[in-house]
Amino acid sequence: MDKRVIIHDGVSIKIYGTENPEQVIIHFTDEITAYNKIKKAVITDKGIYCNGVSCMISRLLQDGGVPTHFIRQISPRDQLCWRASVIPMEVIVRNVVAGSLAQRLGIPEGLIPKEPIYDLCYKSDDLCDPIINDYHALALGLVNRTDLETIYTMTKQVNAILFPIFRKVGITLVDFKIEFGHLADGRLVMSDDITPDTARFWDIETGNKLDKDRFRHDRGHVGEAYKTVYDRLKSVF
Ligand code: 5GP
């Protein structure tokens with residue numbers, strides 16, 4: 001598969017056009033960033049673990065009826081996807097209080113809310129992805145009402161599929177971020193990857209963090225943690 005022009009030159013992810021204008025190759029690098037790219041490092045083989053986790057999750061979601069942009073894994077670091085016009089809005093699902101929610105509302109990390117919490121963020125590096133609500137999303141024209149409802153339905157489906165799978169491999173799916181987009185034929189799909197870069201995974205037995213928080217908070221063993229998520233997920237595949 002030919003990687004033609006680069007269409008998104010990110011740090012952790014690069015997206016290339018292919019000979020088929022409706023398909024792209026998503027390439028995962030070993031680079032990691034945090035705090036709006038202020039903190040950077042290279043973690044050996046991170047790209048392999050993230051692409052592997054993302055591909056396994058996308059297949060599980062598709063098998064569970066969630067439409068995604070994913071087509072297939074084409075190499076350890078590359079996946080072939082449908083090209084999507086991405087909505088500039090992040091949807092965050094929180095099964096356990098952590099990260100910015102704990103900070104913003106002064107709630108202790110680890111608290112389990114009565115039901116999952118859904119946050120919307122407006123995607124903007126300059127503004128550090130500020131939180132918005134449904135009214136902002138509609139009023140700013142990021143989505144229409146039908147798509148917003150479908151996005152919530154699909155997001156709940158993603159959580160309902162993934163939470164028990166991770167529990168089965170000894171991991172709590174604490175929270176995750178996903179994005180949506182439209183394919184060339186207009187279909188709304190999840191056009192994002194779920195990896196230890198974009199989700200929080202805690203080991204059920206030890207409470208150890210198995211995600212990007214290890215890098216954010218200088219806890220070390222980042223690559224080992226990512227490999228643990230990859231190996232455990234692979235064990236049920
Ligand atoms: P928080 O709001 O606590 O910082 O993040 C909640 C969850 O969403 C975490 O799993 C975090 O990794 C993910 N997340 C939120 N925003 C972003 C983002 O802009 N990029 C990435 N990679 N993950 C994000």
# chains A, B, ... in the order shown; residues from 1 in each chain; ligands from 1
call {"tool": "residues_around", "arguments": {"residues": "Val11 of chain A", "least_positions_apart": "3", "cutoff": "9 Å", "atoms": "only C-alpha atoms", "output": "number ranges by chain"}}
result
A: 14, 28-33, 37
call {"tool": "write_last_selection", "arguments": {"atoms": "C-alpha atoms", "output": "PDB file, in the first residue's frame"}}
result
ATOM      1  CA  LYS A  14       0.729  10.776  10.886  1.00  0.00           C
ATOM      2  CA  PHE A  28       1.673   5.494  14.797  1.00  0.00           C
ATOM      3  CA  THR A  29       5.073   6.866  15.867  1.00  0.00           C
ATOM      4  CA  ASP A  30       6.992   6.268  19.101  1.00  0.00           C
ATOM      5  CA  GLU A  31       6.699   9.935  20.085  1.00  0.00           C
ATOM      6  CA  ILE A  32       4.602  10.972  23.054  1.00  0.00           C
ATOM      7  CA  THR A  33       3.452  14.440  24.087  1.00  0.00           C
ATOM      8  CA  LYS A  37       2.829  19.301  23.294  1.00  0.00           C
TER       9      LYS A  37
END
call {"tool": "select_by_dssp", "arguments": {"residues": "segment 110-182 of chain A", "states": "helix (DSSP H, G or I)", "output": "number ranges by chain"}}
result
A: 134-139, 145-168
call {"tool": "residues_near_ligand", "arguments": {"ligand": "ligand 1", "cutoff": "7 Å", "atoms": "only C-alpha atoms and all ligand atoms", "output": "ChimeraX atom specification"}}
result
/A:92,98-101,129,175-177,197-200,212
call {"tool": "write_last_selection", "arguments": {"atoms": "N, CA, C and O atoms", "output": "compact mmCIF listing (two decimals), in the first residue's frame"}}
result
# COMPACT_ATOMS: atom_id res chain seq x y z
N ILE A 92 -15.78 12.78 25.73
CA ILE A 92 -15.03 12.07 26.79
C ILE A 92 -16.04 11.30 27.64
O ILE A 92 -17.07 11.84 28.04
N ALA A 98 -11.13 10.99 37.38
CA ALA A 98 -9.68 11.11 37.25
C ALA A 98 -9.37 12.39 36.48
O ALA A 98 -10.29 13.04 35.96
N GLY A 99 -8.10 12.72 36.41
CA GLY A 99 -7.62 13.79 35.54
C GLY A 99 -8.31 15.12 35.75
O GLY A 99 -8.51 15.57 36.88
N SER A 100 -8.69 15.75 34.63
CA SER A 100 -9.20 17.12 34.70
C SER A 100 -10.52 17.21 35.46
O SER A 100 -10.81 18.23 36.07
N LEU A 101 -11.31 16.14 35.47
CA LEU A 101 -12.59 16.19 36.21
C LEU A 101 -12.30 16.29 37.71
O LEU A 101 -12.93 17.08 38.43
N ASP A 129 -8.66 22.87 23.99
CA ASP A 129 -9.85 22.02 23.95
C ASP A 129 -10.85 22.32 25.07
O ASP A 129 -11.10 21.46 25.93
N ASP A 175 -11.47 6.16 31.77
CA ASP A 175 -12.08 7.15 30.88
C ASP A 175 -11.46 7.04 29.50
O ASP A 175 -10.45 6.35 29.32
N PHE A 176 -12.08 7.67 28.53
CA PHE A 176 -11.50 7.70 27.19
C PHE A 176 -12.09 8.86 26.39
O PHE A 176 -13.14 9.40 26.75
N LYS A 177 -11.35 9.22 25.34
CA LYS A 177 -11.78 10.32 24.46
C LYS A 177 -11.99 9.77 23.06
O LYS A 177 -11.15 9.00 22.59
N ASP A 197 -2.78 6.30 24.92
CA ASP A 197 -2.56 7.75 24.76
C ASP A 197 -3.85 8.54 24.97
O ASP A 197 -3.81 9.73 25.30
N THR A 198 -4.99 7.90 24.71
CA THR A 198 -6.26 8.64 24.67
C THR A 198 -7.28 8.13 25.68
O THR A 198 -8.44 8.55 25.65
N ALA A 199 -6.85 7.18 26.51
CA ALA A 199 -7.75 6.61 27.51
C ALA A 199 -6.96 6.38 28.80
O ALA A 199 -5.73 6.38 28.78
N ARG A 200 -7.69 6.21 29.89
CA ARG A 200 -7.01 5.83 31.15
C ARG A 200 -7.36 4.38 31.46
O ARG A 200 -8.54 4.01 31.45
N LYS A 212 -1.07 7.02 29.54
CA LYS A 212 -0.24 8.22 29.37
C LYS A 212 0.00 8.99 30.68
O LYS A 212 0.94 9.78 30.76
call {"tool": "atom_distance", "arguments": {"atom1": "atom CA of Asp185 of chain A", "atom2": "atom CA of Asn133 of chain A"}}
result
27.8 Å
call {"tool": "closest_residue", "arguments": {"among": "A:Ile161, A:Ile13, A:Val96, A:Ile132", "to": "Gly64 of chain A", "atoms": "only C-alpha atoms"}}
result
A:Ile161
call {"tool": "atom_distance", "arguments": {"atom1": "atom CA of Thr228 of chain A", "atom2": "atom CA of Val93 of chain A"}}
result
22.1 Å
call {"tool": "residues_around", "arguments": {"residues": "Gly186 of chain A", "least_positions_apart": "2", "cutoff": "12 Å", "atoms": "only C-alpha atoms", "output": "MDAnalysis selection string"}}
result
chainID A and resid 82:86 147 181:184 188:189
call {"tool": "write_last_selection", "arguments": {"atoms": "all heavy atoms", "output": "tab-separated table (two decimals), in the first residue's frame"}}
result
chain	number	residue	atom	x	y	z
A	82	TRP	N	-11.04	4.54	6.36
A	82	TRP	CA	-11.78	5.40	5.45
A	82	TRP	C	-11.48	6.84	5.80
A	82	TRP	O	-11.38	7.19	6.99
A	82	TRP	CB	-13.29	5.13	5.55
A	82	TRP	CG	-13.67	3.75	5.10
A	82	TRP	CD1	-14.06	2.72	5.88
A	82	TRP	CD2	-13.64	3.26	3.76
A	82	TRP	NE1	-14.29	1.61	5.11
A	82	TRP	CE2	-14.05	1.91	3.80
A	82	TRP	CE3	-13.33	3.83	2.52
A	82	TRP	CZ2	-14.14	1.12	2.65
A	82	TRP	CZ3	-13.42	3.03	1.39
A	82	TRP	CH2	-13.82	1.70	1.46
A	83	ARG	N	-11.35	7.67	4.79
A	83	ARG	CA	-11.11	9.09	5.03
A	83	ARG	C	-12.39	9.72	5.58
A	83	ARG	O	-13.48	9.48	5.07
A	83	ARG	CB	-10.76	9.74	3.69
A	83	ARG	CG	-10.18	11.11	3.83
A	83	ARG	CD	-9.80	11.64	2.44
A	83	ARG	NE	-8.93	12.79	2.58
A	83	ARG	CZ	-7.88	13.02	1.85
A	83	ARG	NH1	-7.54	12.19	0.90
A	83	ARG	NH2	-7.15	14.09	2.04
A	84	ALA	N	-12.24	10.49	6.65
A	84	ALA	CA	-13.43	11.10	7.27
A	84	ALA	C	-13.22	12.59	7.41
A	84	ALA	O	-12.10	13.07	7.58
A	84	ALA	CB	-13.68	10.47	8.64
A	85	SER	N	-14.33	13.30	7.34
A	85	SER	CA	-14.28	14.72	7.64
A	85	SER	C	-14.65	14.84	9.13
A	85	SER	O	-15.79	14.59	9.53
A	85	SER	CB	-15.29	15.41	6.72
A	85	SER	OG	-15.79	16.53	7.31
A	86	VAL	N	-13.62	15.13	9.93
A	86	VAL	CA	-13.76	14.98	11.39
A	86	VAL	C	-14.45	16.20	12.00
A	86	VAL	O	-14.13	17.34	11.68
A	86	VAL	CB	-12.37	14.75	12.03
A	86	VAL	CG1	-12.49	14.61	13.55
A	86	VAL	CG2	-11.73	13.48	11.46
A	147	ASP	N	-27.29	14.16	14.54
A	147	ASP	CA	-25.94	13.62	14.69
A	147	ASP	C	-25.52	13.61	16.15
A	147	ASP	O	-24.85	12.68	16.61
A	147	ASP	CB	-24.93	14.41	13.85
A	147	ASP	CG	-25.00	14.04	12.37
A	147	ASP	OD1	-25.74	13.08	12.05
A	147	ASP	OD2	-24.33	14.69	11.55
A	181	GLY	N	-16.76	11.55	12.73
A	181	GLY	CA	-16.66	12.26	11.46
A	181	GLY	C	-17.59	11.65	10.44
A	181	GLY	O	-18.22	10.62	10.69
A	182	HIS	N	-17.67	12.31	9.31
A	182	HIS	CA	-18.52	11.81	8.22
A	182	HIS	C	-17.64	11.25	7.11
A	182	HIS	O	-16.65	11.87	6.72
A	182	HIS	CB	-19.39	12.94	7.65
A	182	HIS	CG	-20.43	13.41	8.63
A	182	HIS	ND1	-20.27	14.51	9.43
A	182	HIS	CD2	-21.65	12.90	8.94
A	182	HIS	CE1	-21.34	14.67	10.19
A	182	HIS	NE2	-22.19	13.71	9.92
A	183	LEU	N	-18.02	10.09	6.58
A	183	LEU	CA	-17.33	9.51	5.43
A	183	LEU	C	-17.83	10.20	4.16
A	183	LEU	O	-18.81	10.95	4.20
A	183	LEU	CB	-17.59	8.01	5.35
A	183	LEU	CG	-17.19	7.18	6.57
A	183	LEU	CD1	-17.37	5.70	6.30
A	183	LEU	CD2	-15.73	7.47	6.96
A	184	ALA	N	-17.18	9.90	3.04
A	184	ALA	CA	-17.54	10.54	1.77
A	184	ALA	C	-19.02	10.33	1.43
A	184	ALA	O	-19.67	11.20	0.85
A	184	ALA	CB	-16.66	10.00	0.65
A	188	LEU	N	-22.05	8.77	9.41
A	188	LEU	CA	-21.38	9.23	10.63
A	188	LEU	C	-20.70	8.03	11.29
A	188	LEU	O	-21.34	7.00	11.53
A	188	LEU	CB	-22.44	9.83	11.58
A	188	LEU	CG	-21.94	10.35	12.92
A	188	LEU	CD1	-21.01	11.55	12.74
A	188	LEU	CD2	-23.13	10.75	13.80
A	189	VAL	N	-19.38	8.17	11.55
A	189	VAL	CA	-18.64	7.05	12.14
A	189	VAL	C	-17.74	7.57	13.27
A	189	VAL	O	-17.45	8.77	13.33
A	189	VAL	CB	-17.73	6.34	11.10
A	189	VAL	CG1	-18.55	5.73	9.98
A	189	VAL	CG2	-16.67	7.30	10.54
call {"tool": "closest_residue", "arguments": {"among": "A:His8, A:His27, A:Lys114, A:Lys123", "to": "Arg94 of chain A", "atoms": "only C-alpha atoms"}}
result
A:Lys114
call {"tool": "closest_residue", "arguments": {"among": "A:Lys3, A:Arg187, A:Arg216, A:Arg72", "to": "Ile57 of chain A", "atoms": "only C-alpha atoms"}}
result
A:Arg72
call {"tool": "closest_residue", "arguments": {"among": "A:Leu60, A:Ile6, A:Val143, A:Ile25", "to": "Met89 of chain A", "atoms": "only C-alpha atoms"}}
result
A:Val143
call {"tool": "atom_distance", "arguments": {"atom1": "atom CA of Lys234 of chain A", "atom2": "atom CA of Arg219 of chain A"}}
result
24.8 Å
call {"tool": "closest_residue", "arguments": {"among": "A:Leu127, A:Leu61, A:His217, A:Ile87", "to": "Asn159 of chain A", "atoms": "only C-alpha atoms"}}
result
A:Leu61
call {"tool": "closest_residue", "arguments": {"among": "A:Ile194, A:Cys121, A:Ala225, A:Val236", "to": "Ser58 of chain A", "atoms": "only C-alpha atoms"}}
result
A:Ile194
call {"tool": "select_by_dssp", "arguments": {"residues": "segment 159-208 of chain A", "states": "strand (DSSP E)", "output": "PyMOL selection string"}}
result
chain A and resi 171-183+188-190+199-203
call {"tool": "write_last_selection", "arguments": {"atoms": "N, CA, C and O atoms", "output": "PDB file, in the first residue's frame"}}
result
ATOM      1  N   ILE A 171      -8.415  -4.944  33.803  1.00  0.00           N
ATOM      2  CA  ILE A 171      -8.168  -3.496  33.640  1.00  0.00           C
ATOM      3  C   ILE A 171      -9.489  -2.728  33.793  1.00  0.00           C
ATOM      4  O   ILE A 171     -10.509  -3.113  33.219  1.00  0.00           O
ATOM      5  N   THR A 172      -9.458  -1.644  34.571  1.00  0.00           N
ATOM      6  CA  THR A 172     -10.608  -0.737  34.612  1.00  0.00           C
ATOM      7  C   THR A 172     -10.454   0.303  33.509  1.00  0.00           C
ATOM      8  O   THR A 172      -9.420   0.990  33.448  1.00  0.00           O
ATOM      9  N   LEU A 173     -11.479   0.402  32.680  1.00  0.00           N
ATOM     10  CA  LEU A 173     -11.504   1.465  31.668  1.00  0.00           C
ATOM     11  C   LEU A 173     -12.011   2.719  32.384  1.00  0.00           C
ATOM     12  O   LEU A 173     -13.212   2.923  32.545  1.00  0.00           O
ATOM     13  N   VAL A 174     -11.074   3.531  32.848  1.00  0.00           N
ATOM     14  CA  VAL A 174     -11.401   4.691  33.695  1.00  0.00           C
ATOM     15  C   VAL A 174     -12.099   5.778  32.875  1.00  0.00           C
ATOM     16  O   VAL A 174     -13.171   6.262  33.237  1.00  0.00           O
ATOM     17  N   ASP A 175     -11.474   6.161  31.772  1.00  0.00           N
ATOM     18  CA  ASP A 175     -12.081   7.154  30.878  1.00  0.00           C
ATOM     19  C   ASP A 175     -11.456   7.045  29.498  1.00  0.00           C
ATOM     20  O   ASP A 175     -10.445   6.353  29.316  1.00  0.00           O
ATOM     21  N   PHE A 176     -12.081   7.669  28.533  1.00  0.00           N
ATOM     22  CA  PHE A 176     -11.497   7.705  27.187  1.00  0.00           C
ATOM     23  C   PHE A 176     -12.090   8.858  26.394  1.00  0.00           C
ATOM     24  O   PHE A 176     -13.144   9.396  26.747  1.00  0.00           O
ATOM     25  N   LYS A 177     -11.354   9.220  25.338  1.00  0.00           N
ATOM     26  CA  LYS A 177     -11.780  10.322  24.464  1.00  0.00           C
ATOM     27  C   LYS A 177     -11.985   9.773  23.057  1.00  0.00           C
ATOM     28  O   LYS A 177     -11.153   9.000  22.585  1.00  0.00           O
ATOM     29  N   ILE A 178     -13.102  10.142  22.420  1.00  0.00           N
ATOM     30  CA  ILE A 178     -13.288   9.746  21.024  1.00  0.00           C
ATOM     31  C   ILE A 178     -13.807  10.919  20.186  1.00  0.00           C
ATOM     32  O   ILE A 178     -14.358  11.874  20.732  1.00  0.00           O
ATOM     33  N   GLU A 179     -13.589  10.771  18.885  1.00  0.00           N
ATOM     34  CA  GLU A 179     -14.056  11.784  17.941  1.00  0.00           C
ATOM     35  C   GLU A 179     -14.863  11.097  16.842  1.00  0.00           C
ATOM     36  O   GLU A 179     -14.728   9.894  16.618  1.00  0.00           O
ATOM     37  N   PHE A 180     -15.666  11.887  16.174  1.00  0.00           N
ATOM     38  CA  PHE A 180     -16.549  11.358  15.131  1.00  0.00           C
ATOM     39  C   PHE A 180     -16.366  12.162  13.848  1.00  0.00           C
ATOM     40  O   PHE A 180     -15.896  13.300  13.885  1.00  0.00           O
ATOM     41  N   GLY A 181     -16.758  11.554  12.733  1.00  0.00           N
ATOM     42  CA  GLY A 181     -16.657  12.264  11.464  1.00  0.00           C
ATOM     43  C   GLY A 181     -17.589  11.654  10.443  1.00  0.00           C
ATOM     44  O   GLY A 181     -18.216  10.615  10.690  1.00  0.00           O
ATOM     45  N   HIS A 182     -17.674  12.308   9.308  1.00  0.00           N
ATOM     46  CA  HIS A 182     -18.520  11.812   8.222  1.00  0.00           C
ATOM     47  C   HIS A 182     -17.637  11.247   7.112  1.00  0.00           C
ATOM     48  O   HIS A 182     -16.648  11.869   6.717  1.00  0.00           O
ATOM     49  N   LEU A 183     -18.018  10.090   6.585  1.00  0.00           N
ATOM     50  CA  LEU A 183     -17.327   9.513   5.431  1.00  0.00           C
ATOM     51  C   LEU A 183     -17.827  10.200   4.156  1.00  0.00           C
ATOM     52  O   LEU A 183     -18.805  10.948   4.196  1.00  0.00           O
ATOM     53  N   LEU A 188     -22.047   8.770   9.415  1.00  0.00           N
ATOM     54  CA  LEU A 188     -21.381   9.226  10.631  1.00  0.00           C
ATOM     55  C   LEU A 188     -20.698   8.028  11.291  1.00  0.00           C
ATOM     56  O   LEU A 188     -21.339   7.003  11.530  1.00  0.00           O
ATOM     57  N   VAL A 189     -19.385   8.166  11.547  1.00  0.00           N
ATOM     58  CA  VAL A 189     -18.637   7.047  12.144  1.00  0.00           C
ATOM     59  C   VAL A 189     -17.745   7.566  13.267  1.00  0.00           C
ATOM     60  O   VAL A 189     -17.445   8.766  13.332  1.00  0.00           O
ATOM     61  N   MET A 190     -17.319   6.653  14.135  1.00  0.00           N
ATOM     62  CA  MET A 190     -16.269   6.999  15.090  1.00  0.00           C
ATOM     63  C   MET A 190     -14.972   7.032  14.293  1.00  0.00           C
ATOM     64  O   MET A 190     -14.579   6.030  13.701  1.00  0.00           O
ATOM     65  N   ALA A 199      -6.847   7.181  26.512  1.00  0.00           N
ATOM     66  CA  ALA A 199      -7.755   6.611  27.508  1.00  0.00           C
ATOM     67  C   ALA A 199      -6.963   6.384  28.795  1.00  0.00           C
ATOM     68  O   ALA A 199      -5.730   6.382  28.777  1.00  0.00           O
ATOM     69  N   ARG A 200      -7.691   6.212  29.893  1.00  0.00           N
ATOM     70  CA  ARG A 200      -7.012   5.826  31.149  1.00  0.00           C
ATOM     71  C   ARG A 200      -7.363   4.378  31.460  1.00  0.00           C
ATOM     72  O   ARG A 200      -8.537   4.006  31.450  1.00  0.00           O
ATOM     73  N   PHE A 201      -6.313   3.598  31.732  1.00  0.00           N
ATOM     74  CA  PHE A 201      -6.473   2.191  32.070  1.00  0.00           C
ATOM     75  C   PHE A 201      -5.791   1.945  33.412  1.00  0.00           C
ATOM     76  O   PHE A 201      -4.597   2.244  33.549  1.00  0.00           O
ATOM     77  N   TRP A 202      -6.539   1.418  34.377  1.00  0.00           N
ATOM     78  CA  TRP A 202      -5.940   1.102  35.683  1.00  0.00           C
ATOM     79  C   TRP A 202      -5.999  -0.401  35.910  1.00  0.00           C
ATOM     80  O   TRP A 202      -7.057  -1.029  35.688  1.00  0.00           O
ATOM     81  N   ASP A 203      -4.890  -0.963  36.400  1.00  0.00           N
ATOM     82  CA  ASP A 203      -4.860  -2.382  36.726  1.00  0.00           C
ATOM     83  C   ASP A 203      -5.805  -2.620  37.908  1.00  0.00           C
ATOM     84  O   ASP A 203      -5.695  -1.944  38.937  1.00  0.00           O
TER      85      ASP A 203
END
